[in-house]
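> Structure file final-v4.csv, CSV, C-alpha atoms, is pasted below:
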chain,number,residue,atom,x,y,z
A,53,MET,CA,-1.1,117.9,299.8
A,54,ASN,CA,-1.4,121.6,300.7
A,55,CYS,CA,-4.3,123.7,302.1
A,56,GLU,CA,-5.7,124.5,298.6
A,57,GLY,CA,-5.7,120.9,297.6
A,58,LEU,CA,-7.5,119.9,300.8
A,59,LYS,CA,-10.2,122.6,300.2
A,60,GLU,CA,-10.7,121.3,296.6
A,61,LEU,CA,-11.0,117.8,298.0
A,62,LEU,CA,-13.6,118.8,300.6
A,63,SER,CA,-15.6,121.0,298.2
A,64,ALA,CA,-15.9,118.1,295.7
A,65,GLY,CA,-17.2,115.9,298.5
A,66,ARG,CA,-14.6,113.2,298.0
A,67,PRO,CA,-13.2,111.1,300.9
A,68,LEU,CA,-10.0,112.2,302.5
A,69,THR,CA,-6.9,110.6,301.0
A,70,GLU,CA,-3.8,109.5,303.0
A,71,ALA,CA,-2.0,112.7,301.8
A,72,ALA,CA,-4.9,114.8,303.1
A,73,LYS,CA,-4.8,113.1,306.5
A,74,ASP,CA,-1.1,113.7,306.7
A,75,HIS,CA,-1.6,117.4,305.9
A,76,LEU,CA,-4.2,117.7,308.7
A,77,LEU,CA,-1.7,116.4,311.2
A,78,SER,CA,0.6,119.2,310.4
A,79,CYS,CA,-1.9,122.1,309.7
A,80,THR,CA,-3.9,123.5,312.6
A,81,GLY,CA,-5.8,125.8,310.3
A,82,CYS,CA,-7.2,123.0,308.1
A,83,THR,CA,-7.9,120.9,311.2
A,84,ALA,CA,-10.0,123.7,312.7
A,85,MET,CA,-11.8,124.2,309.4
A,86,LEU,CA,-12.7,120.5,309.2
A,87,GLU,CA,-14.0,120.5,312.7
A,88,ALA,CA,-16.2,123.6,312.0
A,89,LEU,CA,-17.7,121.8,308.9
A,90,LYS,CA,-18.8,118.8,311.0
A,91,ALA,CA,-22.6,119.0,311.8
A,92,PRO,CA,-23.2,119.0,315.5
A,93,GLU,CA,-25.0,115.9,316.7
A,94,PRO,CA,-28.6,116.8,317.8
A,95,GLN,CA,-29.3,116.6,321.5
A,96,VAL,CA,-32.3,114.3,322.1
A,97,ASP,CA,-34.7,115.3,324.9
A,98,ASP,CA,-36.0,112.2,326.5
A,99,GLY,CA,-39.0,114.1,328.0
A,100,ARG,CA,-40.0,115.4,324.6
A,101,ILE,CA,-39.8,111.9,323.1
A,102,HIS,CA,-42.1,110.5,325.8
A,103,GLN,CA,-44.5,113.4,325.3
A,104,ILE,CA,-44.7,112.6,321.5
A,105,GLU,CA,-45.2,108.9,322.3
A,106,ARG,CA,-48.1,109.8,324.6
A,107,LEU,CA,-49.8,112.0,322.0
A,108,ILE,CA,-49.6,109.2,319.4
A,109,THR,CA,-50.6,106.3,321.5
A,110,THR,CA,-53.5,107.9,323.3
A,111,SER,CA,-55.4,108.3,320.0
A,112,LEU,CA,-54.8,104.6,319.1
A,113,THR,CA,-57.5,102.1,319.8
A,114,PRO,CA,-57.6,98.4,319.0
A,115,VAL,CA,-59.6,97.4,316.0
A,116,HIS,CA,-61.0,94.1,314.8
A,117,PRO,CA,-60.1,93.0,311.2
A,118,LEU,CA,-63.0,93.1,308.8
A,119,PRO,CA,-64.4,89.8,307.4
A,120,SER,CA,-63.6,88.8,303.9
A,121,ASP,CA,-65.1,90.7,300.9
A,122,ARG,CA,-67.3,87.7,300.1
A,123,THR,CA,-68.7,87.6,303.6
A,124,LEU,CA,-69.4,91.3,303.6
A,125,ILE,CA,-71.1,91.1,300.2
A,126,TRP,CA,-73.4,88.3,301.1
A,127,ALA,CA,-74.2,90.0,304.4
A,128,LEU,CA,-75.4,93.0,302.5
A,129,VAL,CA,-77.4,90.9,300.2
A,130,ALA,CA,-79.0,89.0,303.1
A,131,LEU,CA,-79.9,92.3,304.8
A,132,PHE,CA,-81.4,93.6,301.5
A,133,ILE,CA,-83.6,90.6,301.1
A,134,ALA,CA,-84.7,90.6,304.8
A,135,PHE,CA,-85.5,94.3,304.8
A,136,ALA,CA,-87.4,94.1,301.5
A,137,MET,CA,-89.5,91.1,302.7
A,138,MET,CA,-90.4,92.9,305.9
A,139,GLY,CA,-91.5,95.9,303.9
A,140,GLY,CA,-94.1,93.9,302.1
A,141,ILE,CA,-95.7,92.3,305.2
A,142,PRO,CA,-98.1,95.1,306.1
A,143,VAL,CA,-100.0,94.8,302.8
A,144,ASP,CA,-99.6,91.1,302.4
A,145,TYR,CA,-97.4,91.5,299.3
A,146,ARG,CA,-100.1,92.9,297.1
A,147,GLY,CA,-97.6,93.8,294.4
A,148,PHE,CA,-96.2,90.3,294.2
A,149,HIS,CA,-99.7,88.7,293.9
A,150,VAL,CA,-100.8,90.7,290.9
A,151,LEU,CA,-97.8,89.5,288.8
A,152,ASN,CA,-97.8,86.4,286.7
A,153,ALA,CA,-95.0,83.8,287.1
A,154,TYR,CA,-93.0,85.2,284.2
A,155,GLN,CA,-93.1,88.8,285.4
A,156,SER,CA,-92.3,87.8,289.0
A,157,VAL,CA,-89.2,85.7,288.0
A,158,ALA,CA,-87.9,88.3,285.5
A,159,TYR,CA,-88.4,91.4,287.7
A,160,TYR,CA,-87.3,90.1,291.1
A,161,THR,CA,-84.4,88.2,289.6
A,162,VAL,CA,-83.0,91.4,288.0
A,163,VAL,CA,-83.6,93.4,291.2
A,164,LEU,CA,-81.7,90.7,293.2
A,165,LEU,CA,-78.8,90.6,290.7
A,166,CYS,CA,-78.5,94.4,290.9
A,167,ALA,CA,-78.4,94.1,294.7
A,168,VAL,CA,-75.5,91.7,294.5
A,169,TRP,CA,-73.7,94.0,292.1
A,170,PHE,CA,-74.3,97.0,294.3
A,171,SER,CA,-73.1,95.0,297.3
A,172,ALA,CA,-69.8,94.2,295.6
A,173,ALA,CA,-69.3,97.9,294.6
A,174,THR,CA,-70.1,99.1,298.1
A,175,VAL,CA,-67.8,96.7,299.8
A,176,GLN,CA,-64.8,97.6,297.6
A,177,LEU,CA,-65.4,101.3,298.3
A,178,MET,CA,-65.3,100.9,302.0
A,179,ILE,CA,-61.9,99.1,302.0
A,180,PRO,CA,-59.1,101.3,300.8
A,181,GLY,CA,-56.7,99.6,298.4
A,182,SER,CA,-59.0,96.7,297.7
A,183,LYS,CA,-59.0,95.1,294.3
A,184,ARG,CA,-61.4,96.9,292.0
A,185,ARG,CA,-63.7,94.3,290.5
A,186,THR,CA,-66.5,96.6,289.6
A,187,ASN,CA,-66.9,100.2,288.4
A,188,PRO,CA,-69.5,102.0,290.7
A,189,PRO,CA,-70.6,104.5,288.0
A,190,TRP,CA,-71.2,101.7,285.6
A,191,VAL,CA,-73.1,99.7,288.3
A,192,ILE,CA,-75.4,102.7,288.8
A,193,ALA,CA,-75.9,103.5,285.1
A,194,VAL,CA,-76.4,99.9,283.9
A,195,SER,CA,-78.8,99.0,286.8
A,196,MET,CA,-81.0,102.1,286.1
A,197,ILE,CA,-81.1,101.4,282.4
A,198,LEU,CA,-81.8,97.7,282.9
A,199,LEU,CA,-84.7,98.4,285.3
A,200,VAL,CA,-86.2,101.0,283.0
A,201,LEU,CA,-86.1,98.6,280.0
A,202,LEU,CA,-87.4,95.7,282.0
A,203,SER,CA,-90.3,97.7,283.3
A,204,ALA,CA,-91.2,98.8,279.8
A,205,ALA,CA,-91.0,95.3,278.5
A,206,LEU,CA,-92.9,93.5,281.2
A,207,PHE,CA,-95.7,96.0,281.8
A,208,ARG,CA,-97.1,97.3,278.5
A,209,ASN,CA,-99.7,99.6,280.2
A,210,PHE,CA,-98.7,103.2,279.7
A,211,ASP,CA,-102.0,104.8,280.8
A,212,LEU,CA,-101.4,108.2,282.6
A,213,THR,CA,-104.8,108.4,284.3
A,214,LEU,CA,-104.4,109.6,287.8
A,215,PHE,CA,-100.7,109.4,287.2
A,216,VAL,CA,-99.6,111.9,289.8
A,217,SER,CA,-102.1,111.2,292.5
A,218,ARG,CA,-101.4,107.5,292.4
A,219,GLY,CA,-97.7,107.9,292.1
A,220,VAL,CA,-96.8,110.4,294.8
A,221,GLY,CA,-97.7,107.9,297.5
A,222,CYS,CA,-95.3,105.3,296.0
A,223,LEU,CA,-92.6,107.9,295.8
A,224,ARG,CA,-93.1,108.9,299.4
A,225,LEU,CA,-93.1,105.4,300.7
A,226,GLY,CA,-90.1,104.4,298.5
A,227,SER,CA,-88.2,107.4,299.8
A,228,ILE,CA,-89.0,106.5,303.4
A,229,TYR,CA,-87.6,103.0,302.9
A,230,THR,CA,-84.7,104.4,301.0
A,231,LEU,CA,-83.9,106.7,303.9
A,232,ALA,CA,-84.2,104.0,306.5
A,233,SER,CA,-82.0,101.6,304.6
A,234,GLY,CA,-79.5,104.4,303.9
A,235,VAL,CA,-79.1,104.9,307.6
A,236,LEU,CA,-78.5,101.2,308.2
A,237,LEU,CA,-76.0,101.2,305.2
A,238,TRP,CA,-74.2,104.2,306.6
A,239,SER,CA,-73.6,102.3,309.9
A,240,PHE,CA,-72.3,99.4,307.9
A,241,LEU,CA,-69.9,101.6,305.9
A,242,ARG,CA,-68.5,103.1,309.1
A,243,LYS,CA,-66.8,99.7,309.8
A,244,GLY,CA,-64.5,100.5,306.9
A,245,PHE,CA,-63.0,103.7,305.5
A,246,ALA,CA,-64.4,105.4,302.4
A,247,SER,CA,-61.5,107.1,300.7
A,248,SER,CA,-63.8,108.6,298.1
A,249,PRO,CA,-66.8,110.0,300.0
A,250,VAL,CA,-68.7,111.4,297.1
A,251,GLN,CA,-68.6,108.2,295.0
A,252,THR,CA,-69.2,106.0,298.1
A,253,GLY,CA,-72.2,108.2,299.1
A,254,ALA,CA,-73.7,108.1,295.6
A,255,THR,CA,-73.3,104.3,295.3
A,256,ALA,CA,-74.7,103.6,298.7
A,257,GLY,CA,-77.6,106.0,298.1
A,258,PHE,CA,-78.6,104.3,294.8
A,259,PHE,CA,-78.2,100.9,296.6
A,260,ALA,CA,-80.5,102.1,299.4
A,261,GLY,CA,-82.9,103.4,296.7
A,262,LEU,CA,-82.8,99.9,295.1
A,263,LEU,CA,-84.2,98.5,298.3
A,264,GLY,CA,-87.0,101.1,298.1
A,265,VAL,CA,-87.7,99.8,294.6
A,266,ALA,CA,-87.8,96.2,295.9
A,267,VAL,CA,-90.2,97.1,298.6
A,268,LEU,CA,-92.5,98.9,296.2
A,269,ALA,CA,-92.3,95.9,293.8
A,270,LEU,CA,-93.7,93.8,296.6
A,271,ARG,CA,-96.3,96.3,297.9
A,272,CYS,CA,-97.6,98.2,294.8
A,273,PRO,CA,-100.3,96.5,292.7
A,274,ILE,CA,-100.1,99.0,289.8
A,275,GLU,CA,-98.9,97.2,286.7
A,276,ASN,CA,-98.0,100.3,284.7
A,277,SER,CA,-94.6,100.8,283.3
A,278,ALA,CA,-94.7,104.6,283.4
A,279,HIS,CA,-95.7,104.5,287.0
A,280,MET,CA,-92.9,102.2,287.9
A,281,ILE,CA,-90.2,104.0,285.9
A,282,VAL,CA,-91.1,107.5,287.3
A,283,TRP,CA,-92.3,106.8,290.8
A,284,HIS,CA,-90.6,103.6,291.8
A,285,LEU,CA,-87.2,104.3,290.3
A,286,GLY,CA,-87.6,108.0,291.3
A,287,ALA,CA,-87.0,106.8,294.9
A,288,MET,CA,-83.7,105.3,293.7
A,289,VAL,CA,-82.6,108.5,292.0
A,290,LEU,CA,-83.5,110.5,295.1
A,291,GLY,CA,-81.4,108.1,297.2
A,292,GLY,CA,-78.5,108.5,294.9
A,293,LEU,CA,-78.7,112.3,295.0
A,294,GLY,CA,-79.0,112.3,298.8
A,295,GLY,CA,-76.0,110.0,299.2
A,296,ALA,CA,-73.9,112.2,296.9
A,297,ILE,CA,-74.8,115.3,298.9
A,298,VAL,CA,-73.8,113.5,302.1
A,299,GLY,CA,-70.5,112.5,300.5
A,300,ILE,CA,-69.9,116.1,299.4
A,301,LEU,CA,-70.5,117.4,302.9
A,302,LYS,CA,-68.2,114.7,304.3
A,303,GLN,CA,-65.4,115.6,301.9
A,304,GLY,CA,-65.8,119.3,302.7
A,305,LEU,CA,-65.4,118.4,306.4
A,306,TRP,CA,-62.2,116.5,305.7
A,307,ARG,CA,-60.7,119.4,303.8
A,308,LYS,CA,-61.6,121.8,306.6
A,309,GLN,CA,-60.0,119.6,309.2
A,310,ARG,CA,-56.8,119.3,307.1
A,311,SER,CA,-56.6,123.0,306.6
A,312,GLU,CA,-56.8,123.6,310.3
As structure tokens, what does this structure read like?


Amino acid sequence: MNCEGLKELLSAGRPLTEAAKDHLLSCTGCTAMLEALKAPEPQVDDGRIHQIERLITTSLTPVHPLPSDRTLIWALVALFIAFAMMGGIPVDYRGFHVLNAYQSVAYYTVVLLCAVWFSAATVQLMIPGSKRRTNPPWVIAVSMILLVLLSAALFRNFDLTLFVSRGVGCLRLGSIYTLASGVLLWSFLRKGFASSPVQTGATAGFFAGLLGVAVLALRCPIENSAHMIVWHLGAMVLGGLGGAIVGILKQGLWRKQRSE
């Protein structure tokens, strides 16, 4: 082994052979070259390591594990029912009393099933990496279509007399309950982490709007499908738009923080 052969061996990245080791014992030039090629070991500053540890650990706080998905879903459904029932107390459930048995069972059952569906979609959005059992856009679209078709089928009155004057009050009241339930739902969502703020905000907003629809179904005595589709479900649409806007603002804040 000569100097050229050792250089070729090192440039190819192959391990040193016995012949190469014997050559290094007799060649000071190749020995010096090999020493120069060795990367110096980094010097670790203990003070710097402790400083990094303090910066990391000071921002860490203990957290409690979330309950199971099923527990969270039924907790949301229970809150939905309780809030809707409380909303009908001031007027003694006038909307409920004007419906016949068939209308009551059909309408309130569908609203409750939609609430369960929205609860499942909301819970999966607040837990990153959770199994996707529902598709939130489909939950929103199917629920809206189902409620529109059900209203048209159950209430055959399409009279538009005093349509706006009688409807604005319902839209206002439904929006108030939507906003109140949206605030409560936001505090619930903060227990998890919404990795998709816009989709989570829109889903939660429509869910809050569904509660506004449930309250109006218990309070409003107007059996008119056009009234229910436009003014009752209108509160649900406004809730969804409001939730999406909140999600967009939240996502923009995240991007701003990352850029800084």

> Kindly indicate which residue among A:Leu290, A:Val220, A:Met178, A:Val282 lies nearest to A:Gly261, using all atoms listed in the file for the distances.

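So, comparing all the options, the nearest one is A:Leu290.
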
> Smallest atom-to-atom distance to A:Pro117: which of A:Leu68, A:Leu202, A:Ile179, A:Ala167, using all atoms listed in the file?

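Answer, going by the shortest atom-to-atom distance: A:Ile179.
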
> So how far away is atom CA of A:Gly291 from atom CA of A:Phe258, in Å?

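According to the coordinates, atom CA of A:Phe258 and atom CA of A:Gly291 are separated by 5.3 Å.
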
> Please measure the separation of atom CA of A:Leu151 and atom CA of A:Ala130, giving the value in Å to one decimal.

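Computed distance, atom CA of A:Leu151 to atom CA of A:Ala130, equals 23.6 Å.
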
> Figure out the distance between atom CA of A:Ser195 and atom CA of A:Asp121, please, to one decimal in Å.

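According to the coordinates, atom CA of A:Asp121 and atom CA of A:Ser195 are separated by 21.3 Å.
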
> List the spatial neighbours of A:Arg218 as a PyMOL selection string - criterion: any atom at most 12 Å away, only C-alpha atoms, same-chain residues fewer than 4 positions off excluded.

chain A and resi 211-214+222-225+272-274+276+278-280+282-284

> Near A:Ala266, within 9 Å and counting all atoms listed in the file, which residues show up once chain neighbours fewer than 3 positions away are dropped, as number ranges by chain?

A: 132-133, 136-137, 139, 160, 163-164, 226, 261-263, 269-271, 284

> What would the file look like if the residues just selected were written as a CSV table (one decimal), in the frame of the given file with C-alpha atoms?


chain,number,residue,atom,x,y,z
A,132,PHE,CA,-81.4,93.6,301.5
A,133,ILE,CA,-83.6,90.6,301.1
A,136,ALA,CA,-87.4,94.1,301.5
A,137,MET,CA,-89.5,91.1,302.7
A,139,GLY,CA,-91.5,95.9,303.9
A,160,TYR,CA,-87.3,90.1,291.1
A,163,VAL,CA,-83.6,93.4,291.2
A,164,LEU,CA,-81.7,90.7,293.2
A,226,GLY,CA,-90.1,104.4,298.5
A,261,GLY,CA,-82.9,103.4,296.7
A,262,LEU,CA,-82.8,99.9,295.1
A,263,LEU,CA,-84.2,98.5,298.3
A,269,ALA,CA,-92.3,95.9,293.8
A,270,LEU,CA,-93.7,93.8,296.6
A,271,ARG,CA,-96.3,96.3,297.9
A,284,HIS,CA,-90.6,103.6,291.8

> Choose the residue, out of A:Tyr159, A:Trp126, A:Phe240, A:Phe170, that has the smallest atom-to-atom separation from A:Ala254; count all atoms listed in the file.

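Residue with the minimum atom-to-atom distance to A:Ala254: A:Phe170.
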
> Around (-74.8, 107.1, 294.7) in the file's frame, which residues reach within 7 Å when counting only C-alpha atoms? Return as a ChimeraX atom specification?

/A:251-258,292-293,295-296

> Considering all atoms listed in the file, return as a PyMOL selection string whatever protein or nucleic-acid residues lie within 12 Å of A:Cys82, sequence-local ones (same chain, fewer than 5 positions apart) excluded.

chain A and resi 53-59+61-62+72-77+87-89

> Which residues come within 12 Å of A:Thr123, counting all atoms listed in the file, excluding same-chain residues fewer than 5 positions away, as a PyMOL selection string?

chain A and resi 118+128-130+171-172+175

> Which one is closest to A:Gly244: A:Ile197, A:Val265, A:Leu177, A:Ala127? Count all atoms listed in the file.

A:Leu177

> Between A:Gln176, A:Ala158, A:Gln303, A:Gly65, which residue has the minimum interatomic distance to A:Ser120, considering all atoms listed in the file?

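Checking each candidate against A:Ser120, we get A:Gln176 as the closest.
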